[in-house]
>>> print(open('input33.cif').read())   # mmCIF, C-alpha atoms
data_final
loop_
_atom_site.group_PDB
_atom_site.id
_atom_site.type_symbol
_atom_site.label_atom_id
_atom_site.label_comp_id
_atom_site.auth_asym_id
_atom_site.auth_seq_id
_atom_site.Cartn_x
_atom_site.Cartn_y
_atom_site.Cartn_z
ATOM 1 C CA MET A 1 18.568 -35.337 37.146
ATOM 2 C CA SER A 2 16.159 -37.374 35.006
ATOM 3 C CA THR A 3 16.400 -37.604 31.228
ATOM 4 C CA LEU A 4 13.082 -38.110 29.429
ATOM 5 C CA ILE A 5 13.475 -40.485 26.496
ATOM 6 C CA CYS A 6 10.574 -40.193 24.065
ATOM 7 C CA GLY A 7 10.706 -42.951 21.472
ATOM 8 C CA SER A 8 9.824 -46.490 20.554
ATOM 9 C CA ILE A 9 9.797 -49.723 22.485
ATOM 10 C CA ALA A 10 9.909 -52.663 20.093
ATOM 11 C CA PHE A 11 10.663 -56.334 19.672
ATOM 12 C CA ASP A 12 13.221 -57.285 17.009
ATOM 13 C CA ASN A 13 12.567 -60.717 15.518
ATOM 14 C CA ILE A 14 15.770 -61.705 13.718
ATOM 15 C CA MET A 15 15.922 -64.709 11.388
ATOM 16 C CA VAL A 16 18.755 -66.202 9.332
ATOM 17 C CA PHE A 17 18.187 -67.736 5.885
ATOM 18 C CA HIS A 18 20.972 -70.246 5.131
ATOM 19 C CA ASP A 19 21.134 -69.363 1.451
ATOM 20 C CA ARG A 20 21.112 -66.292 -0.758
ATOM 21 C CA PHE A 21 17.975 -64.389 -1.696
ATOM 22 C CA LYS A 22 19.272 -63.983 -5.245
ATOM 23 C CA ASN A 23 19.075 -67.755 -5.748
ATOM 24 C CA HIS A 24 15.336 -67.697 -5.119
ATOM 25 C CA ILE A 25 14.169 -64.423 -6.658
ATOM 26 C CA LEU A 26 13.866 -64.510 -10.444
ATOM 27 C CA PRO A 27 14.198 -60.970 -11.860
ATOM 28 C CA GLU A 28 11.987 -61.745 -14.848
ATOM 29 C CA GLN A 29 9.221 -62.935 -12.496
ATOM 30 C CA ILE A 30 9.410 -60.064 -10.035
ATOM 31 C CA HIS A 31 5.903 -58.911 -10.986
ATOM 32 C CA ILE A 32 4.457 -62.150 -9.564
ATOM 33 C CA LEU A 33 6.817 -62.530 -6.612
ATOM 34 C CA ASN A 34 5.800 -65.349 -4.292
ATOM 35 C CA VAL A 35 8.674 -66.722 -2.237
ATOM 36 C CA ALA A 36 9.109 -68.418 1.112
ATOM 37 C CA PHE A 37 12.381 -68.668 3.024
ATOM 38 C CA LEU A 38 13.052 -71.422 5.557
ATOM 39 C CA VAL A 39 14.692 -69.780 8.571
ATOM 40 C CA PRO A 40 15.857 -72.409 11.096
ATOM 41 C CA GLU A 41 17.546 -69.736 13.229
ATOM 42 C CA MET A 42 15.482 -67.096 14.981
ATOM 43 C CA ARG A 43 15.943 -64.920 18.023
ATOM 44 C CA ARG A 44 13.827 -62.227 19.604
ATOM 45 C CA GLU A 45 15.582 -59.175 20.986
ATOM 46 C CA PHE A 46 14.400 -56.303 23.141
ATOM 47 C CA GLY A 47 14.770 -53.134 21.111
ATOM 48 C CA GLY A 48 13.259 -49.852 20.055
ATOM 49 C CA CYS A 49 15.154 -46.574 20.276
ATOM 50 C CA ALA A 50 13.769 -45.507 23.654
ATOM 51 C CA GLY A 51 14.394 -48.935 25.150
ATOM 52 C CA ASN A 52 17.949 -49.089 23.810
ATOM 53 C CA ILE A 53 18.890 -45.535 24.816
ATOM 54 C CA ALA A 54 17.486 -45.997 28.326
ATOM 55 C CA TYR A 55 19.297 -49.329 28.713
ATOM 56 C CA ASN A 56 22.638 -47.737 27.845
ATOM 57 C CA LEU A 57 22.062 -44.626 29.930
ATOM 58 C CA LYS A 58 21.314 -46.861 32.916
ATOM 59 C CA LEU A 59 24.688 -48.572 32.376
ATOM 60 C CA LEU A 60 26.240 -45.135 32.841
ATOM 61 C CA ASP A 61 24.289 -44.667 36.096
ATOM 62 C CA GLY A 62 22.105 -42.069 34.436
ATOM 63 C CA ASP A 63 18.446 -41.656 35.358
ATOM 64 C CA PRO A 64 16.392 -42.357 32.224
ATOM 65 C CA LEU A 65 12.617 -42.018 32.090
ATOM 66 C CA ILE A 66 11.054 -43.830 29.128
ATOM 67 C CA MET A 67 8.001 -42.323 27.437
ATOM 68 C CA ALA A 68 6.595 -44.870 24.989
ATOM 69 C CA THR A 69 3.541 -46.882 23.994
ATOM 70 C CA VAL A 70 3.283 -50.683 23.970
ATOM 71 C CA GLY A 71 0.649 -53.282 23.122
ATOM 72 C CA ASP A 72 -1.095 -56.217 24.740
ATOM 73 C CA ASP A 73 1.959 -58.426 24.156
ATOM 74 C CA ALA A 74 4.381 -56.211 26.099
ATOM 75 C CA ASP A 75 4.547 -58.164 29.392
ATOM 76 C CA PRO A 76 8.024 -59.676 28.766
ATOM 77 C CA TYR A 77 9.410 -56.224 28.003
ATOM 78 C CA LEU A 78 7.709 -54.623 31.006
ATOM 79 C CA VAL A 79 9.112 -57.313 33.308
ATOM 80 C CA ARG A 80 12.543 -56.642 31.828
ATOM 81 C CA LEU A 81 12.234 -52.913 32.552
ATOM 82 C CA ASP A 82 11.361 -53.740 36.156
ATOM 83 C CA ASP A 83 14.334 -56.108 36.438
ATOM 84 C CA LEU A 84 16.648 -53.398 35.073
ATOM 85 C CA GLY A 85 15.311 -50.791 37.475
ATOM 86 C CA LEU A 86 13.921 -48.680 34.622
ATOM 87 C CA SER A 87 10.757 -46.782 35.464
ATOM 88 C CA ARG A 88 7.722 -47.529 33.316
ATOM 89 C CA ALA A 89 5.594 -44.792 34.845
ATOM 90 C CA HIS A 90 5.285 -43.190 31.398
ATOM 91 C CA VAL A 91 5.016 -46.384 29.340
ATOM 92 C CA ARG A 92 1.406 -46.554 28.162
ATOM 93 C CA ARG A 93 -0.258 -49.807 27.118
ATOM 94 C CA ILE A 94 -2.601 -49.479 24.139
ATOM 95 C CA ALA A 95 -5.351 -52.105 24.349
ATOM 96 C CA GLY A 96 -6.049 -54.071 21.178
ATOM 97 C CA SER A 97 -2.645 -53.425 19.634
ATOM 98 C CA PHE A 98 0.720 -55.118 19.288
ATOM 99 C CA THR A 99 3.961 -53.644 20.532
ATOM 100 C CA ALA A 100 5.965 -52.277 17.605
ATOM 101 C CA GLN A 101 8.130 -54.959 16.066
ATOM 102 C CA ALA A 102 10.514 -55.650 13.246
ATOM 103 C CA PHE A 103 10.813 -58.947 11.395
ATOM 104 C CA ILE A 104 14.275 -59.122 9.866
ATOM 105 C CA THR A 105 15.490 -61.944 7.629
ATOM 106 C CA THR A 106 19.189 -61.981 6.723
ATOM 107 C CA ASP A 107 20.809 -64.169 4.061
ATOM 108 C CA LEU A 108 24.386 -65.445 3.750
ATOM 109 C CA ASP A 109 25.460 -62.247 1.944
ATOM 110 C CA ASP A 110 24.102 -60.113 4.806
ATOM 111 C CA ASN A 111 21.252 -58.855 2.619
ATOM 112 C CA GLN A 112 18.164 -58.128 4.667
ATOM 113 C CA ILE A 113 14.427 -58.157 4.117
ATOM 114 C CA THR A 114 12.632 -56.307 6.897
ATOM 115 C CA ALA A 115 8.977 -55.834 7.712
ATOM 116 C CA PHE A 116 8.122 -53.325 10.447
ATOM 117 C CA HIS A 117 4.784 -53.136 12.236
ATOM 118 C CA PRO A 118 4.433 -49.862 14.224
ATOM 119 C CA GLY A 119 1.489 -51.083 16.279
ATOM 120 C CA ALA A 120 1.123 -49.172 19.540
ATOM 121 C CA MET A 121 3.819 -46.705 18.463
ATOM 122 C CA THR A 122 1.174 -45.017 16.306
ATOM 123 C CA TYR A 123 -0.498 -43.818 19.506
ATOM 124 C CA SER A 124 2.593 -42.237 21.069
ATOM 125 C CA HIS A 125 0.947 -38.790 20.924
ATOM 126 C CA LEU A 126 -1.322 -39.892 23.777
ATOM 127 C CA ASN A 127 1.665 -39.535 26.111
ATOM 128 C CA ARG A 128 2.163 -35.953 27.277
ATOM 129 C CA VAL A 129 5.387 -34.398 28.505
ATOM 130 C CA THR A 130 3.340 -32.318 30.959
ATOM 131 C CA ASP A 131 2.753 -35.533 32.957
ATOM 132 C CA VAL A 132 6.476 -35.631 33.816
ATOM 133 C CA ARG A 133 7.560 -33.493 36.755
ATOM 134 C CA ASP A 134 11.311 -33.892 37.159
ATOM 135 C CA ALA A 135 12.942 -34.156 33.714
ATOM 136 C CA THR A 136 15.851 -31.775 33.138
ATOM 137 C CA LEU A 137 16.825 -33.089 29.679
ATOM 138 C CA GLY A 138 14.990 -34.937 26.915
ATOM 139 C CA ILE A 139 15.338 -36.626 23.560
ATOM 140 C CA VAL A 140 12.777 -37.012 20.784
ATOM 141 C CA ALA A 141 13.825 -40.285 19.170
ATOM 142 C CA PRO A 142 12.075 -42.237 16.369
ATOM 143 C CA ASP A 143 8.438 -42.823 17.279
ATOM 144 C CA GLY A 144 4.975 -42.253 15.849
ATOM 145 C CA ARG A 145 4.846 -39.145 13.652
ATOM 146 C CA ASP A 146 2.216 -37.318 15.702
ATOM 147 C CA GLY A 147 3.994 -38.228 18.921
ATOM 148 C CA MET A 148 7.318 -36.817 17.736
ATOM 149 C CA LEU A 149 5.695 -33.528 16.760
ATOM 150 C CA GLN A 150 3.768 -33.332 20.033
ATOM 151 C CA HIS A 151 6.678 -34.223 22.301
ATOM 152 C CA ALA A 152 9.027 -31.704 20.667
ATOM 153 C CA GLN A 153 6.457 -28.936 21.153
ATOM 154 C CA ASP A 154 5.757 -30.013 24.739
ATOM 155 C CA LEU A 155 9.442 -30.147 25.716
ATOM 156 C CA ALA A 156 10.090 -26.719 24.239
ATOM 157 C CA ALA A 157 7.014 -25.259 25.955
ATOM 158 C CA ALA A 158 8.116 -26.748 29.275
ATOM 159 C CA GLY A 159 11.602 -25.283 28.890
ATOM 160 C CA VAL A 160 13.240 -28.722 28.940
ATOM 161 C CA PRO A 161 16.299 -28.796 26.643
ATOM 162 C CA PHE A 162 16.195 -31.754 24.267
ATOM 163 C CA VAL A 163 17.913 -33.624 21.463
ATOM 164 C CA PHE A 164 16.083 -34.023 18.150
ATOM 165 C CA ASP A 165 16.970 -37.487 16.823
ATOM 166 C CA PRO A 166 14.551 -38.518 14.036
ATOM 167 C CA GLY A 167 16.577 -41.501 12.803
ATOM 168 C CA GLN A 168 14.660 -43.706 10.399
ATOM 169 C CA GLY A 169 11.594 -41.528 11.021
ATOM 170 C CA LEU A 170 13.119 -38.541 9.227
ATOM 171 C CA PRO A 171 11.426 -39.262 5.852
ATOM 172 C CA MET A 172 8.022 -38.821 7.527
ATOM 173 C CA PHE A 173 8.574 -35.061 7.760
ATOM 174 C CA SER A 174 8.677 -32.243 5.233
ATOM 175 C CA GLY A 175 11.482 -29.724 5.047
ATOM 176 C CA GLU A 176 9.438 -27.129 6.919
ATOM 177 C CA GLU A 177 8.574 -29.619 9.652
ATOM 178 C CA LEU A 178 12.234 -30.578 10.042
ATOM 179 C CA LEU A 179 13.183 -26.916 10.325
ATOM 180 C CA GLY A 180 10.480 -26.577 12.961
ATOM 181 C CA PHE A 181 12.037 -29.389 14.981
ATOM 182 C CA MET A 182 15.482 -27.797 14.677
ATOM 183 C CA ARG A 183 14.175 -24.455 15.946
ATOM 184 C CA LEU A 184 12.510 -26.092 18.946
ATOM 185 C CA ALA A 185 15.429 -28.369 19.847
ATOM 186 C CA ASN A 186 18.630 -27.485 21.673
ATOM 187 C CA TYR A 187 20.631 -30.284 20.058
ATOM 188 C CA ALA A 188 20.197 -32.506 16.990
ATOM 189 C CA CYS A 189 21.766 -35.822 16.011
ATOM 190 C CA PHE A 190 21.823 -37.681 12.674
ATOM 191 C CA ASN A 191 23.868 -40.332 10.911
ATOM 192 C CA ASP A 192 25.629 -39.248 7.725
ATOM 193 C CA TYR A 193 22.834 -40.473 5.426
ATOM 194 C CA GLU A 194 20.161 -38.757 7.499
ATOM 195 C CA ALA A 195 22.223 -35.560 7.538
ATOM 196 C CA LYS A 196 22.340 -35.545 3.728
ATOM 197 C CA LEU A 197 18.586 -36.150 3.565
ATOM 198 C CA LEU A 198 18.016 -33.353 6.080
ATOM 199 C CA CYS A 199 19.979 -30.956 3.880
ATOM 200 C CA ASP A 200 18.054 -32.062 0.783
ATOM 201 C CA ARG A 201 14.664 -31.665 2.477
ATOM 202 C CA THR A 202 15.392 -28.273 4.022
ATOM 203 C CA GLY A 203 17.578 -26.771 1.294
ATOM 204 C CA ARG A 204 20.088 -25.791 3.975
ATOM 205 C CA SER A 205 23.712 -26.803 4.515
ATOM 206 C CA LEU A 206 24.776 -28.491 7.758
ATOM 207 C CA GLU A 207 26.609 -25.336 8.742
ATOM 208 C CA GLN A 208 23.433 -23.305 8.293
ATOM 209 C CA LEU A 209 21.353 -25.852 10.200
ATOM 210 C CA ALA A 210 23.901 -25.891 13.022
ATOM 211 C CA THR A 211 23.050 -22.254 13.754
ATOM 212 C CA GLU A 212 19.561 -23.345 14.827
ATOM 213 C CA VAL A 213 20.861 -25.494 17.737
ATOM 214 C CA GLN A 214 23.586 -25.455 20.361
ATOM 215 C CA ALA A 215 25.137 -28.545 18.783
ATOM 216 C CA LEU A 216 24.530 -30.605 15.653
ATOM 217 C CA ILE A 217 26.017 -34.102 15.797
ATOM 218 C CA VAL A 218 26.654 -36.293 12.741
ATOM 219 C CA THR A 219 27.772 -39.895 13.224
ATOM 220 C CA LEU A 220 29.986 -41.436 10.533
ATOM 221 C CA GLY A 221 30.119 -45.111 11.490
ATOM 222 C CA GLY A 222 33.687 -46.390 11.651
ATOM 223 C CA ALA A 223 34.977 -42.937 10.695
ATOM 224 C CA GLY A 224 33.836 -41.449 14.020
ATOM 225 C CA SER A 225 31.553 -38.436 14.349
ATOM 226 C CA ARG A 226 31.462 -34.660 14.042
ATOM 227 C CA ILE A 227 29.972 -32.193 16.488
ATOM 228 C CA LEU A 228 29.233 -28.738 15.108
ATOM 229 C CA ALA A 229 29.019 -26.458 18.122
ATOM 230 C CA GLU A 230 30.207 -23.080 19.312
ATOM 231 C CA GLY A 231 31.188 -22.058 15.800
ATOM 232 C CA ARG A 232 33.593 -24.933 15.228
ATOM 233 C CA CYS A 233 33.622 -28.606 14.190
ATOM 234 C CA HIS A 234 34.812 -31.095 16.790
ATOM 235 C CA GLU A 235 36.182 -34.228 15.104
ATOM 236 C CA ILE A 236 35.534 -37.267 17.312
ATOM 237 C CA PRO A 237 37.438 -40.444 16.389
ATOM 238 C CA SER A 238 35.859 -43.869 16.580
ATOM 239 C CA VAL A 239 36.969 -46.251 19.345
ATOM 240 C CA GLN A 240 38.450 -49.661 18.571
ATOM 241 C CA ALA A 241 35.953 -52.373 19.506
ATOM 242 C CA GLU A 242 36.835 -55.846 20.768
ATOM 243 C CA ALA A 243 35.042 -57.207 17.713
ATOM 244 C CA VAL A 244 32.539 -56.031 15.139
ATOM 245 C CA VAL A 245 29.586 -58.346 15.710
ATOM 246 C CA ASP A 246 26.337 -56.429 15.181
ATOM 247 C CA PRO A 247 25.730 -52.700 14.544
ATOM 248 C CA THR A 248 22.100 -52.925 15.687
ATOM 249 C CA GLY A 249 21.568 -50.323 18.392
ATOM 250 C CA CYS A 250 25.000 -48.706 18.097
ATOM 251 C CA GLY A 251 23.468 -45.322 17.331
ATOM 252 C CA ASP A 252 21.296 -45.604 20.441
ATOM 253 C CA ALA A 253 24.318 -46.477 22.584
ATOM 254 C CA TYR A 254 26.138 -43.446 21.142
ATOM 255 C CA ARG A 255 23.207 -41.224 22.042
ATOM 256 C CA SER A 256 23.254 -42.426 25.637
ATOM 257 C CA GLY A 257 26.794 -41.060 25.898
ATOM 258 C CA LEU A 258 25.639 -37.752 24.435
ATOM 259 C CA LEU A 259 22.802 -37.471 26.934
ATOM 260 C CA TYR A 260 24.991 -38.377 29.884
ATOM 261 C CA GLY A 261 27.678 -35.861 28.920
ATOM 262 C CA ILE A 262 25.208 -33.060 28.192
ATOM 263 C CA ALA A 263 23.474 -33.608 31.536
ATOM 264 C CA ALA A 264 26.859 -33.556 33.279
ATOM 265 C CA GLY A 265 27.817 -30.280 31.600
ATOM 266 C CA TRP A 266 30.914 -31.705 29.879
ATOM 267 C CA ASP A 267 32.701 -30.039 26.970
ATOM 268 C CA TRP A 268 31.866 -31.363 23.502
ATOM 269 C CA GLU A 269 35.128 -33.274 23.011
ATOM 270 C CA LYS A 270 34.520 -35.289 26.160
ATOM 271 C CA VAL A 271 30.823 -35.769 25.373
ATOM 272 C CA GLY A 272 31.644 -37.145 21.908
ATOM 273 C CA ARG A 273 34.355 -39.430 23.253
ATOM 274 C CA LEU A 274 32.037 -41.059 25.800
ATOM 275 C CA ALA A 275 29.440 -41.511 23.056
ATOM 276 C CA ALA A 276 32.071 -43.198 20.865
ATOM 277 C CA VAL A 277 33.054 -45.525 23.713
ATOM 278 C CA MET A 278 29.430 -46.608 24.233
ATOM 279 C CA GLY A 279 29.039 -47.359 20.522
ATOM 280 C CA ALA A 280 32.231 -49.454 20.518
ATOM 281 C CA ILE A 281 31.049 -51.500 23.486
ATOM 282 C CA LYS A 282 27.684 -52.189 21.859
ATOM 283 C CA ILE A 283 28.992 -53.252 18.448
ATOM 284 C CA ALA A 284 30.870 -56.184 20.020
ATOM 285 C CA HIS A 285 27.564 -57.832 21.036
ATOM 286 C CA ARG A 286 24.496 -59.084 19.212
ATOM 287 C CA GLY A 287 21.253 -57.181 19.675
ATOM 288 C CA GLY A 288 20.668 -53.776 21.164
ATOM 289 C CA GLN A 289 20.655 -54.705 24.866
ATOM 290 C CA ASN A 290 22.941 -57.687 25.478
ATOM 291 C CA HIS A 291 26.138 -55.861 26.507
ATOM 292 C CA ARG A 292 26.615 -55.448 30.257
ATOM 293 C CA PRO A 293 29.699 -53.351 31.037
ATOM 294 C CA GLY A 294 30.081 -51.747 34.433
ATOM 295 C CA ARG A 295 31.141 -48.134 34.851
ATOM 296 C CA ALA A 296 34.677 -49.349 35.526
ATOM 297 C CA ASP A 297 34.718 -51.178 32.170
ATOM 298 C CA ILE A 298 33.464 -48.053 30.388
ATOM 299 C CA SER A 299 36.061 -45.929 32.159
ATOM 300 C CA ASP A 300 38.874 -48.368 31.264
ATOM 301 C CA LEU A 301 37.984 -48.320 27.557
ATOM 302 C CA PHE A 302 37.736 -44.514 27.625
ATOM 303 C CA ALA A 303 41.196 -44.310 29.212
ATOM 304 C CA LYS A 304 42.646 -46.790 26.728
ATOM 305 C CA ALA A 305 41.275 -44.808 23.795
ATOM 306 C CA PHE A 306 41.869 -41.254 25.006
ATOM 307 C CA GLY A 307 44.464 -41.388 27.785
ATOM 308 C CA SER A 308 42.246 -40.145 30.604
ATOM 309 C CA THR A 309 39.240 -41.334 32.585
ATOM 310 C CA PRO A 310 35.785 -39.780 32.102
ATOM 311 C CA TRP A 311 34.972 -39.414 35.800
#
>>> encode(input="input33.cif", output="structure tokens")
Amino acid sequence: MSTLICGSIAFDNIMVFHDRFKNHILPEQIHILNVAFLVPEMRREFGGCAGNIAYNLKLLDGDPLIMATVGDDADPYLVRLDDLGLSRAHVRRIAGSFTAQAFITTDLDDNQITAFHPGAMTYSHLNRVTDVRDATLGIVAPDGRDGMLQHAQDLAAAGVPFVFDPGQGLPMFSGEELLGFMRLANYACFNDYEAKLLCDRTGRSLEQLATEVQALIVTLGGAGSRILAEGRCHEIPSVQAEAVVDPTGCGDAYRSGLLYGIAAGWDWEKVGRLAAVMGAIKIAHRGGQNHRPGRADISDLFAKAFGSTPW
């Protein structure tokens, strides 16, 4: 059973400034800001929500299909997808554009300055769900605005159940548009900040919004997550990680567990627990796609945390 993952493919360019931004930004001169930071450390990571979710779902032996747009510079990423055994049948290259990418500079206080170039992501609406024949589940993850609207409508029209997961793209949509997504989707997932923003934009409480979907999931970082489904709230604890190294991509890892469990027809407690395990594995590694657990490793951590194995 294939899961269609509509979202971004991106490069994350991560740089470290060996000082503090506050030592170089003068508040009284902020109106003529002109600063340069020497960053001797830099790494380039494979990222993007669709790329990260598919990577994690593949670790679970799921069958992810990525639907995304990339630019002329995407060859290293495309080779990686081939090496991982991830289909790129629905990854469209947009000539004359760059692949979406973030440029993130972090100082010694863990403050960050980020510039994001959407590039080819802006053309995600050119991909059509009707081109996919065998998807039985989907997710609309952060992507180009028009693409997210189009893919949600296409999935609903095709009768493919899907998760609405706007992430950092949520501010692009009005309250009415967000309600439209909720009415089309079967499931919805937000972090706690996004959930508050969703309530503000729509004028609805989470409990009211939960009536629009089969399940509404809210992640709470180290405090775990909540799944509002079947008229009750399932409290899912977080899982102890080996180390807390980098939260980048943890939400995407969590969502891979959701997708796997939903596709398998599990109950919501078990679905949430697998999602929590995947997030804990990811946070112990830098970048969104550098952890490499086998199914046995995932099963062992699940058993350690919850006293039973997932499969």
>>> residues_around(input="input33.cif", residues="segment 293-296 of chain A", least_positions_apart="2", cutoff="10 Å", atoms="all atoms listed in the file", output="list in words")
Asn56, Leu59, Leu60, Asp61, Met278, Ile281, Lys282, Asn290, His291, Ile298, Ser299, Asp300, Leu301, Phe302, Thr309, Pro310 and Trp311 of chain A
>>> resolve_selection(input="input33.cif", expression="the PyMOL selection byres ((chain A and resi 180) around 12)", output="list in words")
Met148, Leu149, Gln150, Ala152, Gln153, Ala156, Phe164, Phe173, Ser174, Gly175, Glu176, Glu177, Leu178, Leu179, Phe181, Met182, Arg183, Leu184, Ala185, Asn186, Thr202, Leu209, Glu212 and Val213 of chain A
>>> resolve_selection(input="input33.cif", expression="the PyMOL selection byres ((chain A and resi 123-129) around 10)", output="PDB file with C-alpha atoms, in the coordinates of the input")
ATOM      1  CA  LEU A   4      13.082 -38.110  29.429  1.00  0.00           C
ATOM      2  CA  CYS A   6      10.574 -40.193  24.065  1.00  0.00           C
ATOM      3  CA  GLY A   7      10.706 -42.951  21.472  1.00  0.00           C
ATOM      4  CA  SER A   8       9.824 -46.490  20.554  1.00  0.00           C
ATOM      5  CA  MET A  67       8.001 -42.323  27.437  1.00  0.00           C
ATOM      6  CA  ALA A  68       6.595 -44.870  24.989  1.00  0.00           C
ATOM      7  CA  THR A  69       3.541 -46.882  23.994  1.00  0.00           C
ATOM      8  CA  VAL A  70       3.283 -50.683  23.970  1.00  0.00           C
ATOM      9  CA  HIS A  90       5.285 -43.190  31.398  1.00  0.00           C
ATOM     10  CA  VAL A  91       5.016 -46.384  29.340  1.00  0.00           C
ATOM     11  CA  ARG A  92       1.406 -46.554  28.162  1.00  0.00           C
ATOM     12  CA  ARG A  93      -0.258 -49.807  27.118  1.00  0.00           C
ATOM     13  CA  ILE A  94      -2.601 -49.479  24.139  1.00  0.00           C
ATOM     14  CA  SER A  97      -2.645 -53.425  19.634  1.00  0.00           C
ATOM     15  CA  PRO A 118       4.433 -49.862  14.224  1.00  0.00           C
ATOM     16  CA  GLY A 119       1.489 -51.083  16.279  1.00  0.00           C
ATOM     17  CA  ALA A 120       1.123 -49.172  19.540  1.00  0.00           C
ATOM     18  CA  MET A 121       3.819 -46.705  18.463  1.00  0.00           C
ATOM     19  CA  THR A 122       1.174 -45.017  16.306  1.00  0.00           C
ATOM     20  CA  THR A 130       3.340 -32.318  30.959  1.00  0.00           C
ATOM     21  CA  ASP A 131       2.753 -35.533  32.957  1.00  0.00           C
ATOM     22  CA  VAL A 132       6.476 -35.631  33.816  1.00  0.00           C
ATOM     23  CA  ARG A 133       7.560 -33.493  36.755  1.00  0.00           C
ATOM     24  CA  ALA A 135      12.942 -34.156  33.714  1.00  0.00           C
ATOM     25  CA  GLY A 138      14.990 -34.937  26.915  1.00  0.00           C
ATOM     26  CA  ASP A 143       8.438 -42.823  17.279  1.00  0.00           C
ATOM     27  CA  GLY A 144       4.975 -42.253  15.849  1.00  0.00           C
ATOM     28  CA  ARG A 145       4.846 -39.145  13.652  1.00  0.00           C
ATOM     29  CA  ASP A 146       2.216 -37.318  15.702  1.00  0.00           C
ATOM     30  CA  GLY A 147       3.994 -38.228  18.921  1.00  0.00           C
ATOM     31  CA  MET A 148       7.318 -36.817  17.736  1.00  0.00           C
ATOM     32  CA  LEU A 149       5.695 -33.528  16.760  1.00  0.00           C
ATOM     33  CA  GLN A 150       3.768 -33.332  20.033  1.00  0.00           C
ATOM     34  CA  HIS A 151       6.678 -34.223  22.301  1.00  0.00           C
ATOM     35  CA  ALA A 152       9.027 -31.704  20.667  1.00  0.00           C
ATOM     36  CA  GLN A 153       6.457 -28.936  21.153  1.00  0.00           C
ATOM     37  CA  ASP A 154       5.757 -30.013  24.739  1.00  0.00           C
ATOM     38  CA  LEU A 155       9.442 -30.147  25.716  1.00  0.00           C
ATOM     39  CA  ALA A 156      10.090 -26.719  24.239  1.00  0.00           C
ATOM     40  CA  ALA A 157       7.014 -25.259  25.955  1.00  0.00           C
ATOM     41  CA  ALA A 158       8.116 -26.748  29.275  1.00  0.00           C
ATOM     42  CA  VAL A 160      13.240 -28.722  28.940  1.00  0.00           C
TER      43      VAL A 160
END
>>> closest_residue(input="input33.cif", among="A:Met15, A:Leu206, A:Cys250, A:Met1", to="Thr105 of chain A", atoms="only C-alpha atoms")
A:Met15
>>> closest_residue(input="input33.cif", among="A:Val163, A:Leu274, A:Ala100, A:Ile25", to="Tyr260 of chain A", atoms="only C-alpha atoms")
A:Leu274
>>> atom_distance(input="input33.cif", atom1="atom CA of Ala50 of chain A", atom2="atom CA of Arg201 of chain A")
25.3 Å
>>> resolve_selection(input="input33.cif", expression="the PyMOL selection byres ((chain A and resi 262) around 12)", output="PyMOL selection string")
chain A and resi 1+3+62+136-139+161-163+186-187+214-215+255-261+263-272+274-275
>>> atom_distance(input="input33.cif", atom1="atom CA of Ala102 of chain A", atom2="atom CA of Val244 of chain A")
22.1 Å
>>> atom_distance(input="input33.cif", atom1="atom CA of Ser205 of chain A", atom2="atom CA of Gly159 of chain A")
27.3 Å
>>> closest_residue(input="input33.cif", among="A:Ile66, A:Ala54, A:Val35, A:Ala284", to="Phe21 of chain A", atoms="all atoms listed in the file")
A:Val35
>>> residues_around(input="input33.cif", residues="Ile227 of chain A", least_positions_apart="3", cutoff="6 Å", atoms="all atoms listed in the file", output="ChimeraX atom specification")
/A:216-217,233-234
>>> residues_around(input="input33.cif", residues="Gln240 of chain A", least_positions_apart="4", cutoff="10 Å", atoms="all atoms listed in the file", output="list of chain:residue names")
A:Gly222, A:Val244, A:Ala276, A:Val277, A:Gly279, A:Ala280, A:Ile281, A:Leu301, A:Lys304, A:Ala305
>>> write_last_selection(input="input33.cif", atoms="C-alpha atoms", output="short mmCIF file (atom, residue, chain, number, x, y, z; two decimals), in the frame of the given file")
data_model
loop_
_atom_site.label_atom_id
_atom_site.label_comp_id
_atom_site.auth_asym_id
_atom_site.auth_seq_id
_atom_site.Cartn_x
_atom_site.Cartn_y
_atom_site.Cartn_z
CA GLY A 222 33.69 -46.39 11.65
CA VAL A 244 32.54 -56.03 15.14
CA ALA A 276 32.07 -43.20 20.86
CA VAL A 277 33.05 -45.52 23.71
CA GLY A 279 29.04 -47.36 20.52
CA ALA A 280 32.23 -49.45 20.52
CA ILE A 281 31.05 -51.50 23.49
CA LEU A 301 37.98 -48.32 27.56
CA LYS A 304 42.65 -46.79 26.73
CA ALA A 305 41.28 -44.81 23.80
#
>>> build_atoms(input="input33.cif", residues="segment 206-211 of chain A", atoms="N, CA and C atoms", output="PDB file, keeping the file's coordinate frame")
ATOM      1  N   LEU A 206      24.624 -28.125   6.357  1.00  0.00           N
ATOM      2  CA  LEU A 206      24.776 -28.491   7.758  1.00  0.00           C
ATOM      3  C   LEU A 206      25.230 -27.295   8.585  1.00  0.00           C
ATOM      4  N   GLU A 207      26.116 -26.504   8.021  1.00  0.00           N
ATOM      5  CA  GLU A 207      26.609 -25.336   8.742  1.00  0.00           C
ATOM      6  C   GLU A 207      25.481 -24.345   9.028  1.00  0.00           C
ATOM      7  N   GLN A 208      24.580 -24.181   8.071  1.00  0.00           N
ATOM      8  CA  GLN A 208      23.433 -23.305   8.293  1.00  0.00           C
ATOM      9  C   GLN A 208      22.493 -23.892   9.346  1.00  0.00           C
ATOM     10  N   LEU A 209      22.249 -25.199   9.248  1.00  0.00           N
ATOM     11  CA  LEU A 209      21.353 -25.852  10.200  1.00  0.00           C
ATOM     12  C   LEU A 209      21.930 -25.835  11.607  1.00  0.00           C
ATOM     13  N   ALA A 210      23.258 -25.885  11.709  1.00  0.00           N
ATOM     14  CA  ALA A 210      23.901 -25.891  13.022  1.00  0.00           C
ATOM     15  C   ALA A 210      23.649 -24.594  13.787  1.00  0.00           C
ATOM     16  N   THR A 211      23.320 -23.524  13.077  1.00  0.00           N
ATOM     17  CA  THR A 211      23.050 -22.254  13.754  1.00  0.00           C
ATOM     18  C   THR A 211      21.710 -22.266  14.484  1.00  0.00           C
TER      19      THR A 211
END
